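Dumped input05.pdb below, it's PDB, C-alpha atoms and all ligand atoms:
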```
ATOM      1  CA  MET E 901     136.693 -94.888  18.559
ATOM      2  CA  PHE E 902     134.747 -95.168  21.772
ATOM      3  CA  THR E 903     131.797 -97.275  20.625
ATOM      4  CA  GLY E 904     130.415-100.544  22.034
ATOM      5  CA  PRO E 905     129.984-102.030  24.486
ATOM      6  CA  TYR E 906     129.232 -98.459  25.562
ATOM      7  CA  ASP E 907     125.683 -98.043  26.530
ATOM      8  CA  GLY E 908     125.415 -94.560  27.920
ATOM      9  CA  MET E 909     124.319 -95.740  31.300
ATOM     10  CA  MET E 910     125.450 -99.138  32.421
ATOM     11  CA  ARG E 911     129.053 -98.479  31.690
ATOM     12  CA  LEU E 912     129.036 -95.686  34.246
ATOM     13  CA  ASP E 913     128.784 -98.180  37.051
ATOM     14  CA  SER E 914     132.233 -99.398  36.232
ATOM     15  CA  LEU E 915     133.662 -95.988  35.468
ATOM     16  CA  ILE E 916     132.404 -93.968  38.392
ATOM     17  CA  PRO E 917     133.681 -95.051  41.775
ATOM     18  CA  TRP E 918     131.572 -94.307  44.780
ATOM     19  CA  GLU E 919     131.087 -90.568  44.943
ATOM     20  CA  ARG E 920     130.841 -89.112  48.366
ATOM     21  CA  THR E 921     128.583 -86.093  48.117
ATOM     22  CA  LYS E 922     124.874 -86.486  48.343
ATOM     23  CA  ARG E 923     124.394 -84.705  45.023
ATOM     24  CA  ALA E 924     126.839 -86.945  43.238
ATOM     25  CA  TYR E 925     125.128 -90.001  44.695
ATOM     26  CA  GLY E 926     121.825 -88.666  43.438
ATOM     27  CA  ALA E 927     123.327 -88.271  39.972
ATOM     28  CA  GLN E 928     124.484 -91.855  39.934
ATOM     29  CA  GLN E 929     121.036 -93.028  40.946
ATOM     30  CA  ARG E 930     119.433 -91.075  38.137
ATOM     31  CA  VAL E 931     121.724 -92.699  35.636
ATOM     32  CA  LYS E 932     120.766 -96.106  36.968
ATOM     33  CA  ASP E 933     117.140 -95.146  36.694
ATOM     34  CA  GLN E 934     117.787 -94.252  33.056
ATOM     35  CA  MET E 935     116.515 -90.715  33.386
ATOM     36  CA  ILE E 936     119.790 -89.229  32.196
ATOM     37  CA  ILE E 937     122.197 -90.365  29.487
ATOM     38  CA  GLU E 938     125.741 -89.386  30.261
ATOM     39  CA  SER E 939     128.951 -89.490  28.270
ATOM     40  CA  ALA E 940     131.705 -91.617  29.717
ATOM     41  CA  LEU E 941     134.214 -89.549  27.761
ATOM     42  CA  LEU E 942     132.971 -86.084  28.766
ATOM     43  CA  LYS E 943     132.581 -87.316  32.309
ATOM     44  CA  GLN E 944     136.361 -87.456  32.562
ATOM     45  CA  TYR E 945     136.568 -83.657  32.465
ATOM     46  CA  GLU E 946     135.682 -81.616  35.516
ATOM     47  CA  SER E 947     135.231 -78.435  33.522
ATOM     48  CA  ILE E 948     132.182 -79.669  31.637
ATOM     49  CA  ARG E 949     128.865 -81.086  32.731
ATOM     50  CA  PHE E 950     126.586 -82.926  30.320
ATOM     51  CA  GLY E 951     123.413 -84.950  30.334
ATOM     52  CA  MET E 952     120.654 -85.947  27.964
ATOM     53  CA  SER E 953     117.106 -86.641  29.049
ATOM     54  CA  THR E 954     115.158 -89.772  28.178
ATOM     55  CA  ARG E 955     111.419 -90.479  28.356
ATOM     56  CA  LYS E 956     111.705 -91.301  32.016
ATOM     57  CA  GLY E 957     111.089 -89.292  35.152
ATOM     58  CA  GLY E 958     108.751 -86.607  33.823
ATOM     59  CA  VAL E 959     105.310 -85.534  35.007
ATOM     60  CA  SER E 960     103.527 -85.458  31.627
ATOM     61  CA  PRO E 961     101.017 -88.237  30.986
ATOM     62  CA  GLU E 962     102.304 -91.119  28.867
ATOM     63  CA  PRO E 963     103.398 -91.388  26.152
ATOM     64  CA  LEU E 964     104.959 -87.964  26.703
ATOM     65  CA  GLY E 965     106.492 -88.641  30.119
ATOM     66  CA  MET E 966     109.588 -86.493  30.240
ATOM     67  CA  ASN E 967     108.656 -84.169  27.393
ATOM     68  CA  LEU E 968     110.643 -80.934  27.299
ATOM     69  CA  SER E 969     109.035 -79.124  24.389
ATOM     70  CA  TYR E 970     106.215 -76.578  24.510
ATOM     71  CA  ARG E 971     105.727 -77.200  20.799
ATOM     72  CA  VAL E 972     104.036 -80.563  21.140
ATOM     73  CA  HIS E 973     100.577 -81.323  22.473
ATOM     74  CA  ASP E 974     101.360 -81.210  26.183
ATOM     75  CA  ASP E 975     100.260 -79.100  29.127
ATOM     76  CA  PRO E 976     102.763 -76.198  29.350
ATOM     77  CA  ALA E 977     102.759 -76.537  33.135
ATOM     78  CA  ASN E 978     104.001 -80.098  32.766
ATOM     79  CA  VAL E 979     106.719 -79.035  30.367
ATOM     80  CA  THR E 980     107.840 -76.339  32.781
ATOM     81  CA  GLU E 981     108.001 -78.850  35.600
ATOM     82  CA  ASN E 982     109.866 -81.360  33.415
ATOM     83  CA  ARG E 983     112.431 -78.732  32.503
ATOM     84  CA  ARG E 984     112.801 -77.767  36.140
ATOM     85  CA  LEU E 985     113.349 -81.406  37.084
ATOM     86  CA  LEU E 986     115.898 -82.033  34.348
ATOM     87  CA  PHE E 987     118.014 -79.024  35.190
ATOM     88  CA  ALA E 988     117.849 -79.825  38.899
ATOM     89  CA  TRP E 989     119.046 -83.367  38.163
ATOM     90  CA  LEU E 990     121.878 -81.997  36.071
ATOM     91  CA  GLY E 991     122.842 -79.480  38.733
ATOM     92  CA  MET E 992     122.360 -76.616  36.287
ATOM     93  CA  ARG E 993     120.297 -73.439  36.373
ATOM     94  CA  LEU E 994     117.323 -73.459  34.041
ATOM     95  CA  ASP E 995     117.339 -69.652  34.026
ATOM     96  CA  ASN E 996     120.858 -69.811  32.601
ATOM     97  CA  ALA E 997     119.919 -71.979  29.618
ATOM     98  CA  ALA E 998     120.573 -70.989  26.018
ATOM     99  CA  ILE E 999     117.831 -72.649  24.000
ATOM    100  CA  PRO E1000     117.956 -72.658  20.210
ATOM    101  CA  VAL E1001     114.904 -72.458  17.994
ATOM    102  CA  GLN E1002     116.194 -75.074  15.573
ATOM    103  CA  CYS E1003     115.432 -75.038  11.885
ATOM    104  CA  HIS E1004     117.564 -77.871  10.419
ATOM    105  CA  SER E1005     120.067 -75.314   9.167
ATOM    106  CA  ASP E1006     123.811 -74.854   9.459
ATOM    107  CA  HIS E1007     123.461 -71.627  11.449
ATOM    108  CA  ILE E1008     125.879 -71.368  14.350
ATOM    109  CA  GLU E1009     125.489 -68.829  17.126
ATOM    110  CA  VAL E1010     128.165 -67.760  19.598
ATOM    111  CA  VAL E1011     126.435 -66.974  22.881
ATOM    112  CA  SER E1012     127.517 -65.605  26.232
ATOM    113  CA  GLY E1013     124.247 -65.691  28.118
ATOM    114  CA  PRO E1014     120.911 -67.414  28.448
ATOM    115  CA  GLY E1015     117.936 -66.892  26.187
ATOM    116  CA  GLN E1016     116.146 -68.192  23.171
ATOM    117  CA  TYR E1017     118.197 -68.165  19.974
ATOM    118  CA  GLU E1018     116.170 -68.027  16.780
ATOM    119  CA  ASN E1019     117.157 -70.000  13.693
ATOM    120  CA  SER E1020     120.140 -71.656  15.318
ATOM    121  CA  ASP E1021     121.203 -75.272  15.099
ATOM    122  CA  ALA E1022     124.496 -74.927  16.924
ATOM    123  CA  LEU E1023     125.524 -72.856  19.913
ATOM    124  CA  ILE E1024     129.047 -72.073  21.079
ATOM    125  CA  THR E1025     130.138 -70.497  24.342
ATOM    126  CA  ASN E1026     133.167 -70.043  26.536
ATOM    127  CA  THR E1027     131.089 -68.660  29.394
ATOM    128  CA  PRO E1028     130.837 -70.972  32.419
ATOM    129  CA  HIS E1029     127.400 -71.960  33.689
ATOM    130  CA  VAL E1030     125.571 -71.053  30.491
ATOM    131  CA  SER E1031     123.796 -74.291  29.594
ATOM    132  CA  LEU E1032     123.666 -75.004  25.874
ATOM    133  CA  VAL E1033     120.611 -77.006  24.828
ATOM    134  CA  VAL E1034     119.823 -79.247  21.870
ATOM    135  CA  ASN E1035     116.208 -80.348  21.366
ATOM    136  CA  ILE E1036     116.008 -83.832  19.937
ATOM    137  CA  ALA E1037     113.680 -86.700  19.078
ATOM    138  CA  ASP E1038     115.704 -88.672  16.447
ATOM    139  CA  CYS E1039     118.195 -86.070  15.320
ATOM    140  CA  MET E1040     121.632 -86.229  16.848
ATOM    141  CA  ALA E1041     123.039 -83.903  19.479
ATOM    142  CA  VAL E1042     126.773 -83.441  19.097
ATOM    143  CA  VAL E1043     128.746 -81.958  21.967
ATOM    144  CA  LEU E1044     132.170 -80.531  21.173
ATOM    145  CA  PHE E1045     134.440 -79.537  24.015
ATOM    146  CA  ASP E1046     137.943 -78.129  24.035
ATOM    147  CA  PRO E1047     139.436 -78.650  27.495
ATOM    148  CA  VAL E1048     142.461 -76.490  26.608
ATOM    149  CA  HIS E1049     140.604 -73.274  25.767
ATOM    150  CA  ARG E1050     137.504 -74.314  27.700
ATOM    151  CA  VAL E1051     135.124 -73.757  24.845
ATOM    152  CA  LEU E1052     131.911 -75.678  24.308
ATOM    153  CA  ALA E1053     129.684 -76.218  21.290
ATOM    154  CA  THR E1054     126.424 -78.117  20.969
ATOM    155  CA  VAL E1055     125.051 -79.060  17.572
ATOM    156  CA  HIS E1056     121.680 -80.290  16.299
ATOM    157  CA  ALA E1057     122.351 -82.646  13.416
ATOM    158  CA  GLY E1058     119.481 -84.303  11.602
ATOM    159  CA  TRP E1059     119.853 -85.315   7.977
ATOM    160  CA  ARG E1060     119.602 -81.756   6.720
ATOM    161  CA  GLY E1061     122.136 -80.382   9.186
ATOM    162  CA  THR E1062     124.438 -83.326   8.540
ATOM    163  CA  ALA E1063     124.143 -82.812   4.779
ATOM    164  CA  ALA E1064     124.986 -79.133   5.350
ATOM    165  CA  SER E1065     128.076 -80.225   7.337
ATOM    166  CA  ILE E1066     127.014 -78.348  10.442
ATOM    167  CA  VAL E1067     129.360 -80.364  12.672
ATOM    168  CA  ALA E1068     132.322 -79.648  10.402
ATOM    169  CA  LYS E1069     131.349 -75.970  10.351
ATOM    170  CA  ALA E1070     131.085 -75.861  14.144
ATOM    171  CA  VAL E1071     134.631 -77.205  14.353
ATOM    172  CA  VAL E1072     135.784 -74.448  11.988
ATOM    173  CA  SER E1073     134.004 -71.860  14.155
ATOM    174  CA  LEU E1074     135.739 -73.177  17.247
ATOM    175  CA  ARG E1075     139.063 -72.822  15.478
ATOM    176  CA  GLU E1076     138.471 -69.405  13.927
ATOM    177  CA  ARG E1077     136.649 -67.736  16.786
ATOM    178  CA  PHE E1078     138.411 -69.279  19.758
ATOM    179  CA  GLY E1079     141.740 -70.582  18.474
ATOM    180  CA  VAL E1080     140.790 -74.167  19.200
ATOM    181  CA  SER E1081     143.032 -76.879  17.785
ATOM    182  CA  THR E1082     140.749 -79.578  16.398
ATOM    183  CA  SER E1083     142.998 -82.319  17.696
ATOM    184  CA  ASP E1084     142.101 -81.155  21.215
ATOM    185  CA  VAL E1085     138.349 -81.381  20.651
ATOM    186  CA  VAL E1086     136.506 -84.017  22.666
ATOM    187  CA  ALA E1087     133.181 -85.048  21.126
ATOM    188  CA  PHE E1088     130.075 -86.945  22.123
ATOM    189  CA  LEU E1089     127.503 -88.027  19.544
ATOM    190  CA  SER E1090     124.212 -88.749  21.239
ATOM    191  CA  PRO E1091     121.661 -91.503  20.755
ATOM    192  CA  SER E1092     119.823 -90.762  17.513
ATOM    193  CA  ALA E1093     118.005 -92.444  14.683
ATOM    194  CA  GLY E1094     120.344 -95.299  13.785
ATOM    195  CA  PRO E1095     121.076 -97.021  10.490
ATOM    196  CA  CYS E1096     119.067 -99.988  11.802
ATOM    197  CA  CYS E1097     115.818 -97.990  11.437
ATOM    198  CA  TYR E1098     116.381 -94.640   9.754
ATOM    199  CA  GLU E1099     114.886 -95.297   6.362
ATOM    200  CA  VAL E1100     115.090 -92.436   3.912
ATOM    201  CA  GLY E1101     113.798 -91.838   0.422
ATOM    202  CA  PRO E1102     116.062 -91.703  -2.609
ATOM    203  CA  GLU E1103     115.859 -87.896  -2.628
ATOM    204  CA  VAL E1104     117.526 -87.824   0.803
ATOM    205  CA  ALA E1105     119.902 -90.711   0.126
ATOM    206  CA  ARG E1106     121.338 -89.062  -2.949
ATOM    207  CA  VAL E1107     122.421 -86.036  -0.902
ATOM    208  CA  PHE E1108     124.893 -88.293   0.900
ATOM    209  CA  SER E1109     127.889 -90.325  -0.164
ATOM    210  CA  SER E1110     126.925 -93.976  -0.619
ATOM    211  CA  VAL E1111     129.246 -94.706   2.310
ATOM    212  CA  TYR E1112     126.498 -93.427   4.614
ATOM    213  CA  VAL E1113     123.548 -95.148   2.983
ATOM    214  CA  GLN E1114     122.808 -98.819   3.487
ATOM    215  CA  ASP E1115     120.730-100.507   0.825
ATOM    216  CA  ARG E1116     118.846-103.405   2.381
ATOM    217  CA  ALA E1117     116.445-105.197   0.071
ATOM    218  CA  GLY E1118     115.901-102.045  -1.918
ATOM    219  CA  ARG E1119     115.261 -99.904   1.142
ATOM    220  CA  LEU E1120     117.698 -97.123   1.993
ATOM    221  CA  TYR E1121     118.906 -96.419   5.527
ATOM    222  CA  LEU E1122     120.975 -93.409   6.538
ATOM    223  CA  ASP E1123     123.853 -93.625   9.014
ATOM    224  CA  LEU E1124     123.944 -90.257  10.766
ATOM    225  CA  LYS E1125     126.425 -91.576  13.300
ATOM    226  CA  LYS E1126     129.051 -92.426  10.726
ATOM    227  CA  ALA E1127     128.464 -89.285   8.659
ATOM    228  CA  ASN E1128     128.975 -86.976  11.623
ATOM    229  CA  THR E1129     131.906 -88.966  12.987
ATOM    230  CA  ASP E1130     133.601 -88.660   9.616
ATOM    231  CA  GLN E1131     133.059 -84.891   9.609
ATOM    232  CA  LEU E1132     134.961 -84.700  12.863
ATOM    233  CA  LEU E1133     137.767 -86.965  11.687
ATOM    234  CA  ALA E1134     138.087 -85.092   8.402
ATOM    235  CA  GLY E1135     138.341 -81.867  10.399
ATOM    236  CA  GLY E1136     141.282 -83.223  12.363
ATOM    237  CA  ALA E1137     139.658 -84.651  15.479
ATOM    238  CA  ARG E1138     141.312 -87.681  17.028
ATOM    239  CA  GLU E1139     139.426 -90.947  16.975
ATOM    240  CA  SER E1140     140.168 -91.546  20.644
ATOM    241  CA  ASN E1141     138.481 -88.204  21.447
ATOM    242  CA  ILE E1142     135.164 -89.186  19.875
ATOM    243  CA  GLU E1143     132.463 -91.099  21.694
ATOM    244  CA  VAL E1144     129.532 -92.299  19.618
ATOM    245  CA  SER E1145     126.446 -93.670  21.267
ATOM    246  CA  PRO E1146     125.377 -96.728  19.270
ATOM    247  CA  GLN E1147     121.833 -96.398  20.585
ATOM    248  CA  CYS E1148     118.952 -95.792  18.213
ATOM    249  CA  THR E1149     116.012 -93.654  19.318
ATOM    250  CA  ILE E1150     113.574 -95.343  16.956
ATOM    251  CA  CYS E1151     114.014 -98.924  18.196
ATOM    252  CA  ASN E1152     114.289 -98.053  21.899
ATOM    253  CA  PRO E1153     110.719 -96.973  22.701
ATOM    254  CA  ARG E1154     111.180 -97.701  26.385
ATOM    255  CA  LEU E1155     113.908 -95.090  26.673
ATOM    256  CA  TYR E1156     113.649 -92.517  23.897
ATOM    257  CA  HIS E1157     111.157 -90.274  22.221
ATOM    258  CA  SER E1158     111.131 -90.703  18.467
ATOM    259  CA  TYR E1159     109.255 -88.527  16.032
ATOM    260  CA  ARG E1160     109.865 -91.048  13.288
ATOM    261  CA  ARG E1161     108.269 -93.776  15.383
ATOM    262  CA  ASP E1162     105.486 -91.904  17.189
ATOM    263  CA  GLY E1163     104.749 -88.927  14.941
ATOM    264  CA  GLU E1164     102.608 -86.239  16.547
ATOM    265  CA  ARG E1165     102.450 -88.243  19.757
ATOM    266  CA  SER E1166     106.183 -87.926  20.264
ATOM    267  CA  GLY E1167     107.681 -85.843  23.025
ATOM    268  CA  ARG E1168     111.076 -84.162  22.809
ATOM    269  CA  MET E1169     114.270 -84.721  24.730
ATOM    270  CA  MET E1170     117.048 -82.300  25.544
ATOM    271  CA  ALA E1171     120.789 -82.710  25.523
ATOM    272  CA  VAL E1172     122.335 -80.086  27.781
ATOM    273  CA  ALA E1173     125.953 -79.161  28.355
ATOM    274  CA  CYS E1174     127.631 -76.407  30.295
ATOM    275  CA  LEU E1175     131.120 -75.333  31.217
ATOM    276  CA  MET E1176     132.017 -75.373  34.861
ATOM    277  CA  ASP E1177     134.622 -73.245  36.563
ATOM    278  CA  GLY E1178     135.377 -75.654  39.337
ATOM    279  CA  GLU E1179     133.109 -73.978  41.860
ATOM    280  CA  GLY E1180     129.900 -75.774  40.973
ATOM    281  CA  VAL E1181     126.682 -73.990  40.194
TER     282      VAL E1181
HETATM  283 ZN    ZN R   1     117.015 -98.706  15.369
END
```
Target encoding structure tokens, full file:
Amino acid sequence: MFTGPYDGMMRLDSLIPWERTKRAYGAQQRVKDQMIIESALLKQYESIRFGMSTRKGGVSPEPLGMNLSYRVHDDPANVTENRRLLFAWLGMRLDNAAIPVQCHSDHIEVVSGPGQYENSDALITNTPHVSLVVNIADCMAVVLFDPVHRVLATVHAGWRGTAASIVAKAVVSLRERFGVSTSDVVAFLSPSAGPCCYEVGPEVARVFSSVYVQDRAGRLYLDLKKANTDQLLAGGARESNIEVSPQCTICNPRLYHSYRRDGERSGRMMAVACLMDGEGV
């Protein structure tokens, strides 16, 4: 597996040689400035573009900073500007974004255009330039990409979605709807609440196999990263095709919003992925 010393940002310096276009240079700068988390694995494919926001670079007053949700206590004009900035940084069109209204379910929607998708926690598309969004602030965003069929899925996986096997179900959807072979799937599991900090009650812990629950001095901590990785492996994904960010949103206040840590004062981040057709946006 593609874990440490990966750090979502610093590693890129060694992986990305000097890129000649002004836009590409700008992208590299943003990564250095920690405004965008990228995937070293997905970055190897020209037919997909991906980035996840952090707290940095936004216009909202602190502690919101780069908040991308209209559903928290923030000036909508700031949120609109933050979204505009993020999509400009990513080189994607905000008006081509497919944004789910997440409900911690296992509902998967196949989409071919932009819009707001009610009651969806996973989106799938094979349409280039449609940006699939995951809203996050501790939950995990999982990006699944098949470079053979050029199909993309993005999944919102908190403890409820993980318990409902939404990642495993997304893999099945890719196979059944698009003929994807799971062994071809390339996956990125985003920064999320980590087992270092993600304490859960016994009622949540008992939903999971004990393999995913650490008992430390009588306190229970859930490992979303391992649980979702195992769903991919059990579904037939190759270990070398899975990149897991080891970063924890809760214990990285400088970089990430965390609802668990900040409660109502927490902003929201977005993970965004879109298929490219080689012509750029
Ligand atoms: Zn932590």
Can you translate the PyMOL selection byres (((not hetatm)) within 6 of (chain R and resi 1)) into the concrete residues it hits in this file, as a PyMOL selection string? chain E and resi 1094+1096-1097+1148+1150-1151
Applied to this file, what does the PyMOL selection byres (((chain E and resi 1118) around 12) and not hetatm) return in terms of residues, put as an mmCIF file with C-alpha atoms, in the frame of the given file?
```cif
data_model
loop_
_atom_site.group_PDB
_atom_site.id
_atom_site.type_symbol
_atom_site.label_atom_id
_atom_site.label_comp_id
_atom_site.auth_asym_id
_atom_site.auth_seq_id
_atom_site.Cartn_x
_atom_site.Cartn_y
_atom_site.Cartn_z
ATOM 1 C CA GLU E 1099 114.886 -95.297 6.362
ATOM 2 C CA VAL E 1100 115.090 -92.436 3.912
ATOM 3 C CA GLY E 1101 113.798 -91.838 0.422
ATOM 4 C CA PRO E 1102 116.062 -91.703 -2.609
ATOM 5 C CA VAL E 1113 123.548 -95.148 2.983
ATOM 6 C CA GLN E 1114 122.808 -98.819 3.487
ATOM 7 C CA ASP E 1115 120.730 -100.507 0.825
ATOM 8 C CA ARG E 1116 118.846 -103.405 2.381
ATOM 9 C CA ALA E 1117 116.445 -105.197 0.071
ATOM 10 C CA ARG E 1119 115.261 -99.904 1.142
ATOM 11 C CA LEU E 1120 117.698 -97.123 1.993
ATOM 12 C CA TYR E 1121 118.906 -96.419 5.527
#
```
So, counting only C-alpha atoms, which residue among E:Gly1058, E:Pro1047, E:Pro1014, E:Gly991 is closest to Ser1031 of chain E? E:Pro1014
Once the PyMOL selection byres (((chain E and resi 1034) around 6) and not hetatm) has been applied to the shown file, what residues remain in the selection, as a list in words? Val1033, Asn1035, His1056, Met1170 and Ala1171 of chain E
Please save C-alpha atoms of the selected residues as a tab-separated table (two decimals), in the frame of the given file.
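New file part24.tsv:
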```tsv
chain	number	residue	atom	x	y	z
E	1033	VAL	CA	120.61	-77.01	24.83
E	1035	ASN	CA	116.21	-80.35	21.37
E	1056	HIS	CA	121.68	-80.29	16.30
E	1170	MET	CA	117.05	-82.30	25.54
E	1171	ALA	CA	120.79	-82.71	25.52
```
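Shortest atom-to-atom contact with Met1169 of chain E among E:Lys943, E:Ala1037, E:Ser1073, E:Arg983: E:Ala1037, counting all atoms listed in the file.
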